[in-house]
Structures are given as C-alpha cells and as structure tokens.
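Novice: Here it is, the structure in full.
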Amino acid sequence: MRVELIVNGERRTVEVEPRMSLLDCLRERLLLTGAHAGCEHGVCGACTVLIDGAPARSCLMFAVQADGYAITTIEGVTPAPGELSPIQDAFCETHGMQCGYCTPAMILTAHALLADNPDPTRADIVDAICANICRCTGYAQIVEAIALAAERMRGLNQPARKP
Amino acid sequence: MKPPPFEYARPADLDQACAMLAAGDDARIIAGGQTLVPLMAMRLARPKRLIDIARIPDLSFVRYEREGIAIGATTRQCVLERDAVVRAAVPLLAKVMPFVGHAAIRSRGTVGGSLANADPAAEIALVAVTLGATFIYRQGAASAEIPASDFFVGPMMTALPATACLTAVRFPRWGDARIGVGFHEVSARRSDFAFASAAAQVALDDDGVCRRLALGVGAVTACPMRLDTVAKALEGTRVEPAVARAAVRAALADIEPLCDLHASADYRRRAAASLAVRAITDACRAAEAAHAR
C-alpha cells in the first residue's frame, strides 16, 4: 500500500506491506535508523518517536495507520547538521547514556515532556521516562540531563542577567 | 516479533466498517492498536484483515447523554486524561487515566480498544464494571447495548458478537454533592500491567454518612469484579476502616484469583484486599473534603 508520511517536516511516500511497522518503515525504507528496535511489542520504549508531537511506540503502529501523520525521529531534533539540540547537549554533558541504545527514545520522550511542561519536577521527569527501559545508567544521569536541559531551555531568549 | 501478513482496510464510516465485519473472513477492528498489535507481533492473534476505525470522525467524543457521560470508542486515552467533563462527571475514570499504560501508549490507545480487548488488568474496564457502565455497539445496521457486568466474560474475552463494533461506553453520573474517589494498584514498573488494583467511588451526606459506595478490584480475577457486598455493608454507616477491612476480606474469600510467575493467587487476594481498603479510605477522605455544591 502507498503511504504518505511527513517525516521530520519532509513529505515522504513509501510503498509498504500492511504488516510493516512504522518502526521498520522508518529504519528500512527511509533509512532513519535512530529509532531502535528493542522488544518490538511495546514494552521497552526504544522505538519511541513523536507522532503529531506526542510520544508513541513506532513498533505498535503499522506504517499504513500512520498515513498523513507528522512523525519526528531523533534525526529531526537537531537544529542544523553537526549541531545538537539542547536536550542532546545536556545528555552529553551529564553523561546520560552508556551504550546509547535507549538514548534516541529517551531524548524524544524528553522533548515531548518539555514541550508540554517546561518546568518539570523530578517526579514528572521520572514519570515521563518510566516508559523507556535503560539497562545501563540506572537513570540517575538521564534524569539529571533532562532537568539540566529544562533549565537551559527555560533560559533561552531571556535577557542575560547582569553580574 | 513480526505479525503474519494481513489485509488492511480503512472504511470511511461506521456503516462501511460494519459491512466489512459482517463479511466475515476473520476480520478484527483496530483503532489505536496498543493491545492488538503486541498480540499480533507475538502471533497470539492472527487476523486476516484489519479494519481501521481510528479516523471515523463520529466515534471520538465525550458528551452528556441520558443521566451519564458517553465516550466514543475511538476517543484516545490521552484526550480523556485531560478532559474537563470527565473530571467533573466521572471522577473515578479521571483518577485512573494516568495509570493506563505509559504516556506513549495513551497517546495512541483508545477507550474502546481497552474495553473490547478486555485485559484483566485494564483500569478503564475496572471503572466500567465498578460504576456499572453501559456498552453500546453496532452490528450491521442495528445498535444494541450491554451492561458492563455482562460484557466481560474472561481474560481477553467479551460478550461482544464477533461481527459487532463497539461504538461508545456510557458511564453513570452521580448527582450527589459530596463525592470522593480512590484508586490504587501494584505493578512491577509504574504504569505497567497491574498485579492487583482497586477502585472506589463514594458519596457522603452532610453528616459524613456513606450514601453510596461503588467498589471494584481488577487484575485479580479473569475479569474486573465489583464488590457489592462491601457496598451493602458500608452504605448507611460512617465508614470505619476496620469494618471496611472485614467486609472486603469476606468478599474476597471465595474468589478464584489469577496466578502467574509475577504474582501468586494468594498474593493477589491479599494485595487486592489492602488496596480496596486504601481506595475506600481515600475516597471517603476526598468526599469529606469536597464542598457541597
């Protein structure tokens, strides 16, 4: 079936079998391999992407169901080639990753959280990322990264404080 | 973890969807797919045809209807979570919504999907049984209704005919002035499938006497279960935790709990009893704090 997706702002048309998940479509057809395949049945969260801005499991959606939706993958959050988003930056700085397998999904989940709630409490952050399994870090640095990113993003476009 | 091949159809309206279902050929309705797709990935479900009703416009709504609140089958859980009408009129449903899967599941998952798939641990199903909701479905051109108490017949099994499409669920609205709700569950990870859960909605009069109590436990038995004997024991009294505990224990004494690697039957029974007492206590406390309208 012919499916039209708006991926990271770009209109893409793909021909897929109905049983192809959105995840496989992104990875194999569109070569956007930032969304990772973990459990492929909705438990681990490694495949999380944003659909119309809201986080969703791309393994729990067939590409045919996503026809016409706006999809944001980790490839779509950088402001320009070679640059990092404030959230990606914060993950690097606080070392919010080890193997990196869960990281793109963690960052997208954080994007959705901070778009909705620019000043999350620690509990809000934990609640948001509890959907994503990380087997390396123990989560502490991930929570730290999101809190740091939130703080910086709140400060964006604010007048600089005088010393 | 890939499902076997199937056909996919996206009917324009409910009539078309019902006609496709009536044509048979092992067709299943899909909307959010948050329960069905994992089952298909594990090949526990192998429909030949999926009928996608997610975009049928008149199936997604929340509105006042006949002394209650009707919610369209394809209303997404994330919408319900923030709905002001639901919060005001069906506070118990609003209370459990954050526990329904994770945010990434609720953003696609629908109310009808959760009910029609009938997972024993589903929170929306628990509220439907506890409050005595009514399910509305279409089969061919005919509409029919079925009470929640008759809808769930076993794990992932309902009384919905195979060629019927669930279109809405109607929750009763309590008119009492002082209403309180309570909900508790035990799960391995926040928002994961519960091992035991309990939901309570209570109405108190001006003297703090319990006028109405709806209590249910989920994830414990094959279907969500409403504990009417507890309501009978506590209605007309000022709720005492000790009395509530005794009534809950008596009500759960003869049930046949589920048993698996995660939680034994005995554990589920004990957990359900504790959670039920906590839910009742929370509900009473909230109702006491509620101002008369």
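If you're wondering about the labels, chains in the structure tokens are A, B, ... by order shown, residues count from 1 in each chain, ligands from 1 in order shown.
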Using only C-alpha atoms, which residues sit within 12 Å of Pro86 of chain A once same-chain residues fewer than 6 positions away are excluded, as a list in words?
Specialist: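 What passes the distance filter is Val77, Thr78, Pro79, Cys92, Glu93, Ile107, Leu108, Ala110, His111, Leu114, Ala145, Ile146, Ala147, Leu148, Ala149, Ala150, Glu151, Arg152, Met153, Arg154, Gly155 and Leu156 of chain A.
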Novice: Can those selected residues be exported to a file as a PDB file, in the first residue's frame so that it contains N, CA and C atoms?
Specialist:
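Result saved to again.pdb:
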ATOM      1  N   VAL A  77      15.512  16.308  15.398  1.00  0.00           N
ATOM      2  CA  VAL A  77      15.530  17.265  16.518  1.00  0.00           C
ATOM      3  C   VAL A  77      16.745  18.193  16.500  1.00  0.00           C
ATOM      4  N   THR A  78      17.711  17.902  15.640  1.00  0.00           N
ATOM      5  CA  THR A  78      18.895  18.772  15.615  1.00  0.00           C
ATOM      6  C   THR A  78      18.584  20.054  14.851  1.00  0.00           C
ATOM      7  N   PRO A  79      19.060  21.194  15.348  1.00  0.00           N
ATOM      8  CA  PRO A  79      18.776  22.450  14.664  1.00  0.00           C
ATOM      9  C   PRO A  79      19.448  22.542  13.292  1.00  0.00           C
ATOM     10  N   CYS A  92      24.821  14.673  26.695  1.00  0.00           N
ATOM     11  CA  CYS A  92      26.273  14.509  26.559  1.00  0.00           C
ATOM     12  C   CYS A  92      26.967  15.017  27.820  1.00  0.00           C
ATOM     13  N   GLU A  93      26.540  16.197  28.255  1.00  0.00           N
ATOM     14  CA  GLU A  93      27.242  16.834  29.361  1.00  0.00           C
ATOM     15  C   GLU A  93      27.120  16.068  30.672  1.00  0.00           C
ATOM     16  N   ILE A 107      15.524  10.862  24.527  1.00  0.00           N
ATOM     17  CA  ILE A 107      15.603  12.278  24.140  1.00  0.00           C
ATOM     18  C   ILE A 107      14.272  12.739  23.550  1.00  0.00           C
ATOM     19  N   LEU A 108      13.656  11.896  22.721  1.00  0.00           N
ATOM     20  CA  LEU A 108      12.358  12.275  22.143  1.00  0.00           C
ATOM     21  C   LEU A 108      11.283  12.351  23.228  1.00  0.00           C
ATOM     22  N   ALA A 110      11.845  13.133  26.274  1.00  0.00           N
ATOM     23  CA  ALA A 110      12.147  14.377  26.992  1.00  0.00           C
ATOM     24  C   ALA A 110      11.652  15.593  26.202  1.00  0.00           C
ATOM     25  N   HIS A 111      11.806  15.541  24.869  1.00  0.00           N
ATOM     26  CA  HIS A 111      11.301  16.637  24.027  1.00  0.00           C
ATOM     27  C   HIS A 111       9.808  16.825  24.240  1.00  0.00           C
ATOM     28  N   LEU A 114       9.115  18.283  27.767  1.00  0.00           N
ATOM     29  CA  LEU A 114       9.463  19.698  27.964  1.00  0.00           C
ATOM     30  C   LEU A 114       8.615  20.622  27.090  1.00  0.00           C
ATOM     31  N   ALA A 145      20.073  14.933  33.158  1.00  0.00           N
ATOM     32  CA  ALA A 145      20.182  15.536  31.822  1.00  0.00           C
ATOM     33  C   ALA A 145      18.913  16.301  31.470  1.00  0.00           C
ATOM     34  N   ILE A 146      17.771  15.685  31.744  1.00  0.00           N
ATOM     35  CA  ILE A 146      16.506  16.325  31.365  1.00  0.00           C
ATOM     36  C   ILE A 146      16.270  17.571  32.224  1.00  0.00           C
ATOM     37  N   ALA A 147      16.644  17.490  33.516  1.00  0.00           N
ATOM     38  CA  ALA A 147      16.488  18.653  34.386  1.00  0.00           C
ATOM     39  C   ALA A 147      17.390  19.795  33.915  1.00  0.00           C
ATOM     40  N   LEU A 148      18.613  19.445  33.492  1.00  0.00           N
ATOM     41  CA  LEU A 148      19.560  20.459  33.006  1.00  0.00           C
ATOM     42  C   LEU A 148      19.032  21.096  31.718  1.00  0.00           C
ATOM     43  N   ALA A 149      18.538  20.242  30.826  1.00  0.00           N
ATOM     44  CA  ALA A 149      18.010  20.750  29.555  1.00  0.00           C
ATOM     45  C   ALA A 149      16.822  21.671  29.804  1.00  0.00           C
ATOM     46  N   ALA A 150      15.967  21.276  30.755  1.00  0.00           N
ATOM     47  CA  ALA A 150      14.781  22.082  31.054  1.00  0.00           C
ATOM     48  C   ALA A 150      15.199  23.457  31.548  1.00  0.00           C
ATOM     49  N   GLU A 151      16.188  23.462  32.434  1.00  0.00           N
ATOM     50  CA  GLU A 151      16.661  24.719  32.995  1.00  0.00           C
ATOM     51  C   GLU A 151      17.211  25.631  31.898  1.00  0.00           C
ATOM     52  N   ARG A 152      18.004  25.030  30.997  1.00  0.00           N
ATOM     53  CA  ARG A 152      18.600  25.836  29.926  1.00  0.00           C
ATOM     54  C   ARG A 152      17.541  26.333  28.949  1.00  0.00           C
ATOM     55  N   MET A 153      16.576  25.468  28.645  1.00  0.00           N
ATOM     56  CA  MET A 153      15.572  25.857  27.660  1.00  0.00           C
ATOM     57  C   MET A 153      14.648  26.943  28.212  1.00  0.00           C
ATOM     58  N   ARG A 154      14.450  26.922  29.537  1.00  0.00           N
ATOM     59  CA  ARG A 154      13.659  27.994  30.146  1.00  0.00           C
ATOM     60  C   ARG A 154      14.383  29.324  30.033  1.00  0.00           C
ATOM     61  N   GLY A 155      15.722  29.241  30.044  1.00  0.00           N
ATOM     62  CA  GLY A 155      16.530  30.456  29.992  1.00  0.00           C
ATOM     63  C   GLY A 155      16.718  31.008  28.589  1.00  0.00           C
ATOM     64  N   LEU A 156      16.334  30.202  27.560  1.00  0.00           N
ATOM     65  CA  LEU A 156      16.523  30.656  26.183  1.00  0.00           C
ATOM     66  C   LEU A 156      15.675  31.899  25.931  1.00  0.00           C
TER      67      LEU A 156
END
Novice: Taking only segment 145-291 of chain B into account, list the residues labelled strand (DSSP E) by DSSP (computed from the backbone), as a PyMOL selection string.
Specialist: chain B and resi 145-147+152-154+157-158+164-172+178-187+194-204+210-218+225-226
Novice: Which neighbours of Ala94 of chain B fall inside 12 Å, counting only C-alpha atoms, when residues of the same chain fewer than 3 positions from it are skipped, and could you give them as a ChimeraX atom specification?
Specialist: /B:77-91,97-100,123-124,127,171,180-183,199,201
Novice: Could the residues of chain A that have an atom at most 7 Å from chain B be listed as CSV, each with its closest atom pair and the distance in Å to one decimal, counting only C-alpha atoms and ordered by chain and ascending residue number?
Specialist:
residue,atom,partner,partner_atom,distance
A:Pro18,CA,B:Tyr8,CA,6.0
A:Arg19,CA,B:Pro5,CA,5.8
A:Glu40,CA,B:Met1,CA,5.9
A:His41,CA,B:Pro38,CA,4.7
A:Gly42,CA,B:Pro38,CA,6.7
A:Ala54,CA,B:Ser107,CA,6.4
A:Pro55,CA,B:Ala104,CA,4.8
A:Ala56,CA,B:Ala104,CA,4.3
A:Arg57,CA,B:Ala104,CA,6.3
A:Leu60,CA,B:Val37,CA,5.6
A:Met61,CA,B:Gly33,CA,6.7
A:Cys130,CA,B:Arg190,CA,6.6
A:Ala131,CA,B:His102,CA,5.6
Novice: By how many Å are atom CA of Arg278 of chain B and atom CA of Asp206 of chain B apart?
Specialist: 22.4 Å
Novice: DSSP on the backbone, then: every residue of chain A marked alpha helix (DSSP H), written as an MDAnalysis selection string.
Specialist: chainID A and resid 22:24 86:93 103:116 122:129 140:155
Novice: Using the selection just defined, write its residues with C-alpha atoms as an mmCIF file, in the first residue's frame.
Specialist:
data_model
loop_
_atom_site.group_PDB
_atom_site.id
_atom_site.type_symbol
_atom_site.label_atom_id
_atom_site.label_comp_id
_atom_site.auth_asym_id
_atom_site.auth_seq_id
_atom_site.Cartn_x
_atom_site.Cartn_y
_atom_site.Cartn_z
ATOM 1 C CA LEU A 22 6.163 2.245 11.369
ATOM 2 C CA LEU A 23 9.492 1.415 13.025
ATOM 3 C CA ASP A 24 10.601 -0.913 10.230
ATOM 4 C CA PRO A 86 19.688 21.482 23.969
ATOM 5 C CA ILE A 87 18.408 18.131 25.228
ATOM 6 C CA GLN A 88 21.017 16.144 23.285
ATOM 7 C CA ASP A 89 23.649 18.531 24.566
ATOM 8 C CA ALA A 90 22.524 18.014 28.157
ATOM 9 C CA PHE A 91 22.648 14.224 27.719
ATOM 10 C CA CYS A 92 26.273 14.509 26.559
ATOM 11 C CA GLU A 93 27.242 16.834 29.361
ATOM 12 C CA THR A 103 19.045 7.285 24.134
ATOM 13 C CA PRO A 104 17.199 8.492 20.992
ATOM 14 C CA ALA A 105 13.898 7.417 22.545
ATOM 15 C CA MET A 106 14.797 8.989 25.893
ATOM 16 C CA ILE A 107 15.603 12.278 24.140
ATOM 17 C CA LEU A 108 12.358 12.275 22.143
ATOM 18 C CA THR A 109 10.385 11.458 25.282
ATOM 19 C CA ALA A 110 12.147 14.377 26.992
ATOM 20 C CA HIS A 111 11.301 16.637 24.027
ATOM 21 C CA ALA A 112 7.623 15.797 24.386
ATOM 22 C CA LEU A 113 7.749 16.307 28.156
ATOM 23 C CA LEU A 114 9.463 19.698 27.964
ATOM 24 C CA ALA A 115 7.205 20.920 25.163
ATOM 25 C CA ASP A 116 4.253 20.243 27.439
ATOM 26 C CA ARG A 122 11.899 15.307 39.362
ATOM 27 C CA ALA A 123 8.733 13.204 39.734
ATOM 28 C CA ASP A 124 7.406 14.497 36.399
ATOM 29 C CA ILE A 125 10.662 13.524 34.693
ATOM 30 C CA VAL A 126 10.683 10.073 36.260
ATOM 31 C CA ASP A 127 7.053 9.582 35.281
ATOM 32 C CA ALA A 128 7.796 10.553 31.677
ATOM 33 C CA ILE A 129 10.789 8.263 31.199
ATOM 34 C CA ALA A 140 20.200 8.998 37.534
ATOM 35 C CA GLN A 141 22.162 10.856 34.841
ATOM 36 C CA ILE A 142 19.203 10.710 32.459
ATOM 37 C CA VAL A 143 17.005 12.484 34.995
ATOM 38 C CA GLU A 144 19.848 14.942 35.569
ATOM 39 C CA ALA A 145 20.182 15.536 31.822
ATOM 40 C CA ILE A 146 16.506 16.325 31.365
ATOM 41 C CA ALA A 147 16.488 18.653 34.386
ATOM 42 C CA LEU A 148 19.560 20.459 33.006
ATOM 43 C CA ALA A 149 18.010 20.750 29.555
ATOM 44 C CA ALA A 150 14.781 22.082 31.054
ATOM 45 C CA GLU A 151 16.661 24.719 32.995
ATOM 46 C CA ARG A 152 18.600 25.836 29.926
ATOM 47 C CA MET A 153 15.572 25.857 27.660
ATOM 48 C CA ARG A 154 13.659 27.994 30.146
ATOM 49 C CA GLY A 155 16.530 30.456 29.992
#
Novice: May I have the residues within 8 Å of segment 260-276 of chain B as a ChimeraX atom specification, using only C-alpha atoms and disregarding those fewer than 3 positions away in the same chain?
Specialist: /B:183-186,195-200,215-217,220,245,248-249,252,256-257,279-280
Novice: Between atom CA of Gln98 of chain A and atom CA of Arg135 of chain A, what distance in Å does the model show, to one decimal?
Specialist: 9.1 Å
